[in-house]
Structures are given as structure tokens and as C-alpha cells.
>>> print(open('run_37.tsv').read())   # TSV, C-alpha atoms and all ligand atoms
chain	number	residue	atom	x	y	z
A	81	MET	CA	0.00	0.00	0.00
A	82	PHE	CA	1.03	3.51	-0.72
A	83	ALA	CA	4.06	2.15	-2.51
A	84	TRP	CA	4.11	5.20	-4.73
A	85	LEU	CA	4.10	7.44	-1.68
A	86	SER	CA	6.92	5.66	0.06
A	87	ARG	CA	8.88	5.69	-3.19
A	88	MET	CA	8.36	9.40	-3.39
A	89	LEU	CA	9.38	9.95	0.21
A	90	TRP	CA	12.42	7.76	-0.08
A	91	ARG	CA	13.70	9.27	-3.23
A	92	LYS	CA	16.67	11.24	-2.04
A	93	LYS	CA	15.83	14.84	-2.62
A	94	PRO	CA	18.38	17.49	-1.82
A	95	PRO	CA	17.28	20.00	0.80
A	96	ALA	CA	16.37	23.48	-0.36
A	97	ILE	CA	19.47	25.60	-0.33
A	98	ARG	CA	19.17	29.34	-0.54
A	99	THR	CA	22.19	30.57	1.37
A	100	LEU	CA	25.66	29.39	2.28
A	101	ASP	CA	24.40	28.66	5.79
A	102	ASP	CA	21.86	26.23	4.28
A	103	LEU	CA	24.65	24.63	2.29
A	104	THR	CA	26.93	24.29	5.31
A	105	ALA	CA	24.12	22.77	7.37
A	106	ALA	CA	23.24	20.28	4.63
A	107	LEU	CA	26.87	19.20	4.27
A	108	LYS	CA	27.31	18.91	8.03
A	109	SER	CA	24.19	16.81	8.50
A	110	GLY	CA	25.24	14.51	5.67
A	111	ALA	CA	22.11	15.26	3.64
A	112	ILE	CA	24.48	15.98	0.77
A	113	ASN	CA	28.17	15.38	0.23
A	114	ALA	CA	30.82	17.46	-1.42
A	115	HIS	CA	32.47	15.93	-4.44
A	116	VAL	CA	36.24	16.06	-4.29
A	117	TYR	CA	38.32	15.73	-7.42
A	118	ARG	CA	41.68	16.69	-8.81
A	119	GLU	CA	42.30	19.53	-11.20
A	120	GLY	CA	45.92	19.15	-12.19
A	121	GLU	CA	47.90	19.43	-8.98
A	122	VAL	CA	45.07	20.94	-7.02
A	123	GLN	CA	42.39	19.12	-5.07
A	124	VAL	CA	39.06	20.79	-5.58
A	125	ALA	CA	35.88	20.30	-3.57
A	126	ASP	CA	32.60	20.97	-5.29
A	127	LEU	CA	30.31	21.74	-2.35
A	128	PHE	CA	27.32	22.20	-4.62
A	129	ALA	CA	27.71	18.84	-6.38
A	130	GLU	CA	24.64	17.18	-4.83
A	131	THR	CA	22.44	20.24	-4.50
A	132	ASP	CA	20.82	19.93	-7.93
A	133	LEU	CA	21.35	23.68	-8.35
A	134	SER	CA	22.15	25.11	-11.74
A	135	LEU	CA	25.20	27.31	-12.13
A	136	MET	CA	22.93	30.34	-12.00
A	137	GLU	CA	21.24	29.14	-8.81
A	138	ARG	CA	24.66	28.54	-7.24
A	139	LYS	CA	25.61	32.09	-8.08
A	140	LYS	CA	22.43	33.31	-6.44
A	141	VAL	CA	23.27	31.39	-3.25
A	142	MET	CA	26.58	33.26	-3.13
A	143	LEU	CA	24.87	36.57	-3.84
A	144	ARG	CA	22.27	36.03	-1.09
A	145	SER	CA	25.06	35.31	1.36
A	146	PHE	CA	27.58	37.95	0.39
A	147	GLY	CA	25.38	40.67	-1.09
A	148	SER	CA	28.01	41.62	-3.61
A	149	PRO	CA	28.83	40.21	-7.02
A	150	ALA	CA	31.92	38.19	-7.82
A	151	GLY	CA	34.42	40.31	-9.63
A	152	ILE	CA	38.02	41.36	-9.99
A	153	ARG	CA	39.90	44.28	-8.49
A	154	MET	CA	41.41	46.69	-11.00
A	155	TYR	CA	43.66	49.57	-9.99
A	156	VAL	CA	44.06	52.61	-12.20
A	157	HIS	CA	45.50	56.11	-11.95
A	158	ARG	CA	42.91	58.66	-10.95
A	159	SER	CA	43.58	60.36	-14.29
A	160	CYS	CA	42.98	57.06	-16.14
A	161	ALA	CA	39.76	56.24	-14.29
A	162	SER	CA	37.10	57.56	-16.65
A	163	ALA	CA	38.91	56.29	-19.75
A	164	TYR	CA	39.25	52.90	-18.08
A	165	VAL	CA	35.55	52.62	-17.30
A	166	GLU	CA	34.61	53.73	-20.81
A	167	GLN	CA	36.66	51.01	-22.47
A	168	LEU	CA	35.17	48.15	-20.41
A	169	PRO	CA	33.59	45.48	-22.62
A	170	ALA	CA	29.83	45.78	-23.02
A	171	ASP	CA	29.19	42.80	-20.73
A	172	ARG	CA	31.27	44.24	-17.85
A	173	THR	CA	30.49	46.98	-15.40
A	174	VAL	CA	31.75	48.49	-12.17
A	175	PHE	CA	30.11	47.61	-8.86
A	176	GLU	CA	30.12	51.13	-7.42
A	177	PRO	CA	29.73	50.25	-3.69
A	178	HIS	CA	33.14	48.59	-3.86
A	179	THR	CA	34.99	51.47	-5.53
A	180	GLU	CA	37.93	52.61	-3.41
A	181	GLU	CA	40.28	55.57	-3.50
A	182	TRP	CA	43.95	55.12	-2.67
A	183	THR	CA	46.92	57.39	-2.17
A	184	PRO	CA	50.38	56.38	-3.44
A	185	ALA	CA	51.62	56.20	0.15
A	186	ASP	CA	48.93	53.65	1.06
A	187	LEU	CA	48.90	51.58	-2.10
A	188	ILE	CA	52.46	51.31	-3.34
A	189	GLY	CA	54.09	48.25	-1.77
A	190	ARG	CA	50.86	47.09	-0.13
A	191	TYR	CA	50.06	44.22	-2.51
A	192	ARG	CA	52.78	42.38	-4.36
A	193	ASP	CA	50.81	42.16	-7.60
A	194	VAL	CA	49.52	45.74	-7.60
A	195	THR	CA	52.33	47.78	-9.12
A	196	HIS	CA	51.03	49.01	-12.46
A	197	CYS	CA	47.98	50.81	-13.76
A	198	ASP	CA	45.45	48.43	-15.27
A	199	HIS	CA	44.65	51.03	-17.90
A	200	CYS	CA	47.88	52.71	-19.11
A	201	ARG	CA	50.17	49.94	-17.74
A	202	ARG	CA	52.60	52.52	-16.29
A	203	GLU	CA	54.20	51.74	-12.97
A	204	PHE	CA	52.74	53.37	-9.87
A	205	LEU	CA	55.00	56.12	-8.55
A	206	PRO	CA	55.00	58.09	-5.28
A	207	SER	CA	54.50	61.27	-7.32
A	208	ASP	CA	51.15	60.03	-8.69
A	209	GLU	CA	48.02	61.96	-7.76
A	210	GLY	CA	46.21	58.85	-6.53
A	211	TYR	CA	44.38	55.77	-7.67
A	212	ILE	CA	40.90	54.37	-8.06
A	213	ALA	CA	40.28	50.71	-7.34
A	214	TYR	CA	37.28	49.31	-9.18
A	215	TRP	CA	35.37	46.11	-8.58
A	216	VAL	CA	34.73	44.93	-12.13
A	217	VAL	CA	31.87	42.49	-12.52
A	218	SER	CA	29.84	40.97	-15.32
A	219	ARG	CA	26.49	42.53	-16.08
A	220	GLU	CA	25.03	39.06	-15.64
A	221	GLU	CA	26.23	39.05	-12.01
A	222	MET	CA	24.70	42.48	-11.47
A	223	ARG	CA	21.42	41.30	-12.94
A	224	LEU	CA	21.41	38.27	-10.63
A	225	LEU	CA	22.23	40.46	-7.63
A	226	GLU	CA	19.26	42.72	-8.41
A	227	GLU	CA	17.07	39.65	-8.77
A	228	VAL	CA	18.19	38.33	-5.38
A	229	GLN	CA	17.68	41.74	-3.75
A	230	ARG	CA	14.17	41.94	-5.20
A	231	GLU	CA	13.21	38.53	-3.82
A	232	GLN	CA	14.43	39.61	-0.36
A	233	SER	CA	12.57	42.89	-0.29
A	234	PRO	CA	9.09	41.50	0.64
A	235	ASP	CA	10.51	40.45	4.04
A	236	THR	CA	11.81	43.87	4.92
A	237	PRO	CA	9.30	46.62	5.55
A	238	ALA	CA	9.30	49.01	2.63
A	239	GLU	CA	10.08	52.63	3.29
A	240	PRO	CA	6.94	54.71	3.17
A	241	GLY	CA	6.37	56.00	-0.30
A	242	ALA	CA	9.18	53.95	-1.75
A	243	ALA	CA	7.05	51.86	-4.04
A	244	PRO	CA	9.11	49.48	-6.10
A	245	ASP	CA	8.99	50.59	-9.68
A	246	SER	CA	10.17	48.83	-12.74
A	247	GLY	CA	12.62	51.54	-13.58
A	248	GLY	CA	10.52	53.27	-16.24
A	249	LYS	CA	10.81	57.04	-16.06
B	1	ZN	ZN	47.18	54.82	-15.71
>>> encode(input="run_37.tsv", output="C-alpha cells", more="lines below")
Ligand SMILES: [Zn+2]
Amino acid sequence: MFAWLSRMLWRKKPPAIRTLDDLTAALKSGAINAHVYREGEVQVADLFAETDLSLMERKKVMLRSFGSPAGIRMYVHRSCASAYVEQLPADRTVFEPHTEEWTPADLIGRYRDVTHCDHCRREFLPSDEGYIAYWVVSREEMRLLEEVQREQSPDTPAEPGAAPDSGGK
């Protein structure tokens, strides 16, 4: 009796994972296991292997947990900044909340691999006016971040009068 039901209940279904905390809990409880494999010399653990989540859903889990898109740091002279942003490929953009300003005294020598401007390629010098550090992300990441932020907004009380609009002006 109810064989179909017990089959359904017994079919191993991964738990719903929306944040990294969910993922950690599921791994800890043994509901899912990480898959460990070798990539050349490096051992890599795929924590999402048994979650059934698509690559896009995995990205959203990260975005829900960190609130900022994956990207790369680029350092440019202050005088190169606008030209740098203008030449970004169409599918890239700058995540403004992570933009930083640096002085030569603070930046030069701070990171071993930050020695040259990512726009004009010239070496950073103490006589420079200063630098802008951009967080360069894909527009796809930004779109996913906005999607994740929208799905979270019903839980938080909206500011009075701040009706969500679709961006049409
Ligand atoms: Zn430059």
C-alpha cells in the first residue's frame, strides 16, 4: 500500500538551499556530500555537487550570502579612471559600492601584484596623484544580484512612499 508514496518519500531529494548557511548545514548533517576531485595538482571540492542547483542558482546562493557580485579588483590612476571605465567590454560593469580611492603612500608596496595601472600599464609612482580601485563584474552578475535583492525585499518593511517601480521614467 502507498508504494508510490513511500517511493516518493524515499527518493533522495536534496534539501532546499538558498544561502551558504543552508549549504553548510546540509553538508554537516550529511544530507548531501561534497564531491572532491583533482584539477591538475590541485584538489578541488565541489560543495554544490549534490544540491541539484544550476550554475545560475549557485551564483544566487553566493549573492544572497555575500550581497556583492563576484568580480576582480582593478587599480588605475585617478587620471585614467574615466577612460578605463569607458573602455570596459559591453558585458562588464563596475560595482560602485566597492569602488575605493587610494593614495600612493597607502597603495604602493601594499600588494605584491599591484604595481602598475590596469589602464595605461605605467608603474605606480609616489609622485602620482592617486588611484581608483574598481570592482569589475559581469552585467550578468549584477542582474542576478538585483534579482536576489528583489526577492528579499518583501521580508523587509518598505520605506513609506518607496514603491518598487520597474525603472521606467
Ligand atoms: Zn594609468
>>> residues_near_ligand(input="run_37.tsv", ligand="ligand ZN 1 (chain B)", cutoff="10 Å", atoms="only C-alpha atoms and all ligand atoms", output="list in words")
Tyr155, Val156, His157, Arg158, Ser159, Cys160, Ala161, Ala163, Tyr164, His196, Cys197, Asp198, His199, Cys200, Arg201, Arg202, Glu203, Phe204, Asp208, Tyr211 and Ile212 of chain A
>>> write_last_selection(input="run_37.tsv", atoms="C-alpha atoms", output="compact mmCIF listing (two decimals), keeping the file's coordinate frame")
# COMPACT_ATOMS: atom_id res chain seq x y z
CA TYR A 155 43.66 49.57 -9.99
CA VAL A 156 44.06 52.61 -12.20
CA HIS A 157 45.50 56.11 -11.95
CA ARG A 158 42.91 58.66 -10.95
CA SER A 159 43.58 60.36 -14.29
CA CYS A 160 42.98 57.06 -16.14
CA ALA A 161 39.76 56.24 -14.29
CA ALA A 163 38.91 56.29 -19.75
CA TYR A 164 39.25 52.90 -18.08
CA HIS A 196 51.03 49.01 -12.46
CA CYS A 197 47.98 50.81 -13.76
CA ASP A 198 45.45 48.43 -15.27
CA HIS A 199 44.65 51.03 -17.90
CA CYS A 200 47.88 52.71 -19.11
CA ARG A 201 50.17 49.94 -17.74
CA ARG A 202 52.60 52.52 -16.29
CA GLU A 203 54.20 51.74 -12.97
CA PHE A 204 52.74 53.37 -9.87
CA ASP A 208 51.15 60.03 -8.69
CA TYR A 211 44.38 55.77 -7.67
CA ILE A 212 40.90 54.37 -8.06
>>> atom_distance(input="run_37.tsv", atom1="CA of Ile152 (chain A)", atom2="CA of Glu221 (chain A)")
12.2 Å
>>> residues_around(input="run_37.tsv", residues="region 224-235 of chain A", least_positions_apart="6", cutoff="9 Å", atoms="only C-alpha atoms", output="list in words")
Met136, Lys139, Lys140, Val141, Leu143, Arg144, Gly147, Ser148 and Pro149 of chain A
>>> closest_residue(input="run_37.tsv", among="A:Thr179, A:Gln167, A:Ser109, A:Thr99", to="Arg153 (chain A)", atoms="only C-alpha atoms")
A:Thr179
>>> axis_aligned_box(input="run_37.tsv", around="region 197-213 of chain A", padding_each_side="5 Å", output="JSON")
{"center_x": 47.6, "center_y": 55.2, "center_z": -12.2, "size_x": 24.7, "size_y": 23.5, "size_z": 23.8}
>>> decode(input="run_37.tsv", residues="region 95-249 of chain A", atoms="C-alpha atoms", output="short mmCIF file (atom, residue, chain, number, x, y, z; two decimals), in the first residue's frame")
data_model
loop_
_atom_site.label_atom_id
_atom_site.label_comp_id
_atom_site.auth_asym_id
_atom_site.auth_seq_id
_atom_site.Cartn_x
_atom_site.Cartn_y
_atom_site.Cartn_z
CA PRO A 95 17.28 20.00 0.80
CA ALA A 96 16.37 23.48 -0.36
CA ILE A 97 19.47 25.60 -0.33
CA ARG A 98 19.17 29.34 -0.54
CA THR A 99 22.19 30.57 1.37
CA LEU A 100 25.66 29.39 2.28
CA ASP A 101 24.40 28.66 5.79
CA ASP A 102 21.86 26.23 4.28
CA LEU A 103 24.65 24.63 2.29
CA THR A 104 26.93 24.29 5.31
CA ALA A 105 24.12 22.77 7.37
CA ALA A 106 23.24 20.28 4.63
CA LEU A 107 26.87 19.20 4.27
CA LYS A 108 27.31 18.91 8.03
CA SER A 109 24.19 16.81 8.50
CA GLY A 110 25.24 14.51 5.67
CA ALA A 111 22.11 15.26 3.64
CA ILE A 112 24.48 15.98 0.77
CA ASN A 113 28.17 15.38 0.23
CA ALA A 114 30.82 17.46 -1.42
CA HIS A 115 32.47 15.93 -4.44
CA VAL A 116 36.24 16.06 -4.29
CA TYR A 117 38.32 15.73 -7.42
CA ARG A 118 41.68 16.69 -8.81
CA GLU A 119 42.30 19.53 -11.20
CA GLY A 120 45.92 19.15 -12.19
CA GLU A 121 47.90 19.43 -8.98
CA VAL A 122 45.07 20.94 -7.02
CA GLN A 123 42.39 19.12 -5.07
CA VAL A 124 39.06 20.79 -5.58
CA ALA A 125 35.88 20.30 -3.57
CA ASP A 126 32.60 20.97 -5.29
CA LEU A 127 30.31 21.74 -2.35
CA PHE A 128 27.32 22.20 -4.62
CA ALA A 129 27.71 18.84 -6.38
CA GLU A 130 24.64 17.18 -4.83
CA THR A 131 22.44 20.24 -4.50
CA ASP A 132 20.82 19.93 -7.93
CA LEU A 133 21.35 23.68 -8.35
CA SER A 134 22.15 25.11 -11.74
CA LEU A 135 25.20 27.31 -12.13
CA MET A 136 22.93 30.34 -12.00
CA GLU A 137 21.24 29.14 -8.81
CA ARG A 138 24.66 28.54 -7.24
CA LYS A 139 25.61 32.09 -8.08
CA LYS A 140 22.43 33.31 -6.44
CA VAL A 141 23.27 31.39 -3.25
CA MET A 142 26.58 33.26 -3.13
CA LEU A 143 24.87 36.57 -3.84
CA ARG A 144 22.27 36.03 -1.09
CA SER A 145 25.06 35.31 1.36
CA PHE A 146 27.58 37.95 0.39
CA GLY A 147 25.38 40.67 -1.09
CA SER A 148 28.01 41.62 -3.61
CA PRO A 149 28.83 40.21 -7.02
CA ALA A 150 31.92 38.19 -7.82
CA GLY A 151 34.42 40.31 -9.63
CA ILE A 152 38.02 41.36 -9.99
CA ARG A 153 39.90 44.28 -8.49
CA MET A 154 41.41 46.69 -11.00
CA TYR A 155 43.66 49.57 -9.99
CA VAL A 156 44.06 52.61 -12.20
CA HIS A 157 45.50 56.11 -11.95
CA ARG A 158 42.91 58.66 -10.95
CA SER A 159 43.58 60.36 -14.29
CA CYS A 160 42.98 57.06 -16.14
CA ALA A 161 39.76 56.24 -14.29
CA SER A 162 37.10 57.56 -16.65
CA ALA A 163 38.91 56.29 -19.75
CA TYR A 164 39.25 52.90 -18.08
CA VAL A 165 35.55 52.62 -17.30
CA GLU A 166 34.61 53.73 -20.81
CA GLN A 167 36.66 51.01 -22.47
CA LEU A 168 35.17 48.15 -20.41
CA PRO A 169 33.59 45.48 -22.62
CA ALA A 170 29.83 45.78 -23.02
CA ASP A 171 29.19 42.80 -20.73
CA ARG A 172 31.27 44.24 -17.85
CA THR A 173 30.49 46.98 -15.40
CA VAL A 174 31.75 48.49 -12.17
CA PHE A 175 30.11 47.61 -8.86
CA GLU A 176 30.12 51.13 -7.42
CA PRO A 177 29.73 50.25 -3.69
CA HIS A 178 33.14 48.59 -3.86
CA THR A 179 34.99 51.47 -5.53
CA GLU A 180 37.93 52.61 -3.41
CA GLU A 181 40.28 55.57 -3.50
CA TRP A 182 43.95 55.12 -2.67
CA THR A 183 46.92 57.39 -2.17
CA PRO A 184 50.38 56.38 -3.44
CA ALA A 185 51.62 56.20 0.15
CA ASP A 186 48.93 53.65 1.06
CA LEU A 187 48.90 51.58 -2.10
CA ILE A 188 52.46 51.31 -3.34
CA GLY A 189 54.09 48.25 -1.77
CA ARG A 190 50.86 47.09 -0.13
CA TYR A 191 50.06 44.22 -2.51
CA ARG A 192 52.78 42.38 -4.36
CA ASP A 193 50.81 42.16 -7.60
CA VAL A 194 49.52 45.74 -7.60
CA THR A 195 52.33 47.78 -9.12
CA HIS A 196 51.03 49.01 -12.46
CA CYS A 197 47.98 50.81 -13.76
CA ASP A 198 45.45 48.43 -15.27
CA HIS A 199 44.65 51.03 -17.90
CA CYS A 200 47.88 52.71 -19.11
CA ARG A 201 50.17 49.94 -17.74
CA ARG A 202 52.60 52.52 -16.29
CA GLU A 203 54.20 51.74 -12.97
CA PHE A 204 52.74 53.37 -9.87
CA LEU A 205 55.00 56.12 -8.55
CA PRO A 206 55.00 58.09 -5.28
CA SER A 207 54.50 61.27 -7.32
CA ASP A 208 51.15 60.03 -8.69
CA GLU A 209 48.02 61.96 -7.76
CA GLY A 210 46.21 58.85 -6.53
CA TYR A 211 44.38 55.77 -7.67
CA ILE A 212 40.90 54.37 -8.06
CA ALA A 213 40.28 50.71 -7.34
CA TYR A 214 37.28 49.31 -9.18
CA TRP A 215 35.37 46.11 -8.58
CA VAL A 216 34.73 44.93 -12.13
CA VAL A 217 31.87 42.49 -12.52
CA SER A 218 29.84 40.97 -15.32
CA ARG A 219 26.49 42.53 -16.08
CA GLU A 220 25.03 39.06 -15.64
CA GLU A 221 26.23 39.05 -12.01
CA MET A 222 24.70 42.48 -11.47
CA ARG A 223 21.42 41.30 -12.94
CA LEU A 224 21.41 38.27 -10.63
CA LEU A 225 22.23 40.46 -7.63
CA GLU A 226 19.26 42.72 -8.41
CA GLU A 227 17.07 39.65 -8.77
CA VAL A 228 18.19 38.33 -5.38
CA GLN A 229 17.68 41.74 -3.75
CA ARG A 230 14.17 41.94 -5.20
CA GLU A 231 13.21 38.53 -3.82
CA GLN A 232 14.43 39.61 -0.36
CA SER A 233 12.57 42.89 -0.29
CA PRO A 234 9.09 41.50 0.64
CA ASP A 235 10.51 40.45 4.04
CA THR A 236 11.81 43.87 4.92
CA PRO A 237 9.30 46.62 5.55
CA ALA A 238 9.30 49.01 2.63
CA GLU A 239 10.08 52.63 3.29
CA PRO A 240 6.94 54.71 3.17
CA GLY A 241 6.37 56.00 -0.30
CA ALA A 242 9.18 53.95 -1.75
CA ALA A 243 7.05 51.86 -4.04
CA PRO A 244 9.11 49.48 -6.10
CA ASP A 245 8.99 50.59 -9.68
CA SER A 246 10.17 48.83 -12.74
CA GLY A 247 12.62 51.54 -13.58
CA GLY A 248 10.52 53.27 -16.24
CA LYS A 249 10.81 57.04 -16.06
#
